[in-house]
Amino acid sequence: PKDIKKSFLIVIIGLGGCMLANYISSALLTILEGFGLYSTYSTVEDPQNILDVVTLFLATAIMPALIEEISLRGVLMTPMRKYGNAFAILASSYIFGIFHGDAAQISFAFICGLFFGYAVVVTDSIWPAVIIHGLNNSLSCISSVLITYVSEDAGNIFYYACTIGFILLGAIALYFYLKKYKEEDFSLIKVDNATEPITFGKKFAIFVSSFTFG
């Protein structure tokens with residue numbers, strides 16, 4: 001990223017947004033359960049030894065952040081940006097959500113995808129999205145390790161403290177970000193910023209082809 005200060009603020013905002021997405025997706029899941037629709041999402045098994053801990057971080061935090069951001073925000077979203085950044089962010093976020101394939105994860109992944117996509121667009125770099133993604137997943141890994149080696153209460157307290165803390169930090173970072181970058185960056189997200197203006201039907205066709213490719 002060319003602007004390190006902006007990227008730092010975006011990472012904090014994005015991480016706070018992911019924490020907030022947890023509550024939103026939980027509320028939506030509660031509503032779905034009221035209609036008899038239950039999640040089949042299975043949690044990651046708690047690590048039992050140091051190899052499990054290393055594997056957990058590699059498989060849950062590091063590799064998904066790299067592979068999913070390169071494929072979703074790099075390979076899929078970047079070519080769609082010429083039809084409008086807003087369209088590209090929304091389309092890639094929708095695909096990101098669907099790929100998670102579970103009621104408990106679709107809404108959460110979609111919201112997080114919006115922050116990931118926005119981070120890539122305004123910083124002109126994929127790395128802030130990779131960092132946000134990796135840090136978000138790492139919190140769950142750390143919580144699992146604490147539950148296994150300390151206590152369940154310690155793991156839960158850590159996770160909820162991080163959730164509330166990063167939401168507050170994200171709000172503070174958002175204030176400073178809007179104060180300095182609002183006009184510059186929001187203009188990048190306008191629906192009419194496409195370098196190749198096309199109809200909604202054409203955009204839909206591009207979206208479907210991108211989804212199929214993914």
# chains A, B, ... in the order shown; residues from 1 in each chain; ligands from 1
call {"tool": "residues_around", "arguments": {"residues": "Ala109 of chain A", "least_positions_apart": "6", "cutoff": "8 Å", "atoms": "only C-alpha atoms", "output": "PDB file with N, CA, C and O atoms, in the first residue's frame"}}
result
ATOM      1  N   SER A  93     -18.239 -10.067  -2.720  1.00  0.00           N
ATOM      2  CA  SER A  93     -18.691 -10.365  -1.353  1.00  0.00           C
ATOM      3  C   SER A  93     -19.784 -11.415  -1.362  1.00  0.00           C
ATOM      4  O   SER A  93     -19.828 -12.298  -0.492  1.00  0.00           O
ATOM      5  N   PHE A  96     -18.165 -14.684  -2.028  1.00  0.00           N
ATOM      6  CA  PHE A  96     -17.442 -15.059  -0.819  1.00  0.00           C
ATOM      7  C   PHE A  96     -18.386 -15.665   0.216  1.00  0.00           C
ATOM      8  O   PHE A  96     -18.068 -16.665   0.860  1.00  0.00           O
ATOM      9  N   GLY A  97     -19.563 -15.062   0.350  1.00  0.00           N
ATOM     10  CA  GLY A  97     -20.548 -15.573   1.296  1.00  0.00           C
ATOM     11  C   GLY A  97     -21.084 -16.931   0.886  1.00  0.00           C
ATOM     12  O   GLY A  97     -21.145 -17.861   1.693  1.00  0.00           O
ATOM     13  N   HIS A 100     -19.023 -20.070   1.504  1.00  0.00           N
ATOM     14  CA  HIS A 100     -18.957 -20.612   2.855  1.00  0.00           C
ATOM     15  C   HIS A 100     -20.106 -21.592   3.107  1.00  0.00           C
ATOM     16  O   HIS A 100     -20.036 -22.386   4.042  1.00  0.00           O
TER      17      HIS A 100
END
call {"tool": "select_by_dssp", "arguments": {"residues": "chain A", "states": "alpha helix (DSSP H)", "output": "ChimeraX atom specification"}}
result
/A:4-34,50-57,63-68,78-80,85-100,103-123,127-149,152-186,200-213
call {"tool": "residues_around", "arguments": {"residues": "Phe57 of chain A", "least_positions_apart": "5", "cutoff": "10 Å", "atoms": "only C-alpha atoms", "output": "PyMOL selection string"}}
result
chain A and resi 52+62-64+134+137-142
call {"tool": "write_last_selection", "arguments": {"atoms": "C-alpha atoms", "output": "PDB file, in the first residue's frame"}}
result
ATOM      1  CA  ASP A  52      -2.201 -29.110  16.280  1.00  0.00           C
ATOM      2  CA  ILE A  62      -2.850 -17.900   7.347  1.00  0.00           C
ATOM      3  CA  MET A  63      -3.679 -20.012   4.292  1.00  0.00           C
ATOM      4  CA  PRO A  64      -7.373 -19.012   3.960  1.00  0.00           C
ATOM      5  CA  GLY A 134      -5.910 -13.315   8.873  1.00  0.00           C
ATOM      6  CA  ASN A 137      -9.446 -15.842  11.868  1.00  0.00           C
ATOM      7  CA  SER A 138      -6.507 -15.759  14.288  1.00  0.00           C
ATOM      8  CA  LEU A 139      -8.729 -14.566  17.125  1.00  0.00           C
ATOM      9  CA  SER A 140     -10.783 -17.757  16.876  1.00  0.00           C
ATOM     10  CA  CYS A 141      -7.583 -19.822  16.850  1.00  0.00           C
ATOM     11  CA  ILE A 142      -6.231 -18.102  19.959  1.00  0.00           C
TER      12      ILE A 142
END
call {"tool": "closest_residue", "arguments": {"among": "A:Leu169, A:Cys162, A:Val122, A:Leu76", "to": "Ile4 of chain A", "atoms": "only C-alpha atoms"}}
result
A:Val122
call {"tool": "atom_distance", "arguments": {"atom1": "atom CA of Ile50 of chain A", "atom2": "atom CA of Ile132 of chain A"}}
result
24.8 Å
call {"tool": "atom_distance", "arguments": {"atom1": "atom CA of Gly155 of chain A", "atom2": "atom CA of Leu56 of chain A"}}
result
15.4 Å
call {"tool": "closest_residue", "arguments": {"among": "A:Leu168, A:Leu72, A:Thr60, A:Asn49", "to": "Ala129 of chain A", "atoms": "only C-alpha atoms"}}
result
A:Leu72
call {"tool": "atom_distance", "arguments": {"atom1": "atom CA of Leu29 of chain A", "atom2": "atom CA of Gln105 of chain A"}}
result
9.3 Å
call {"tool": "closest_residue", "arguments": {"among": "A:Leu146, A:Leu135, A:Ile106, A:Ala173", "to": "Ser26 of chain A", "atoms": "only C-alpha atoms"}}
result
A:Ile106
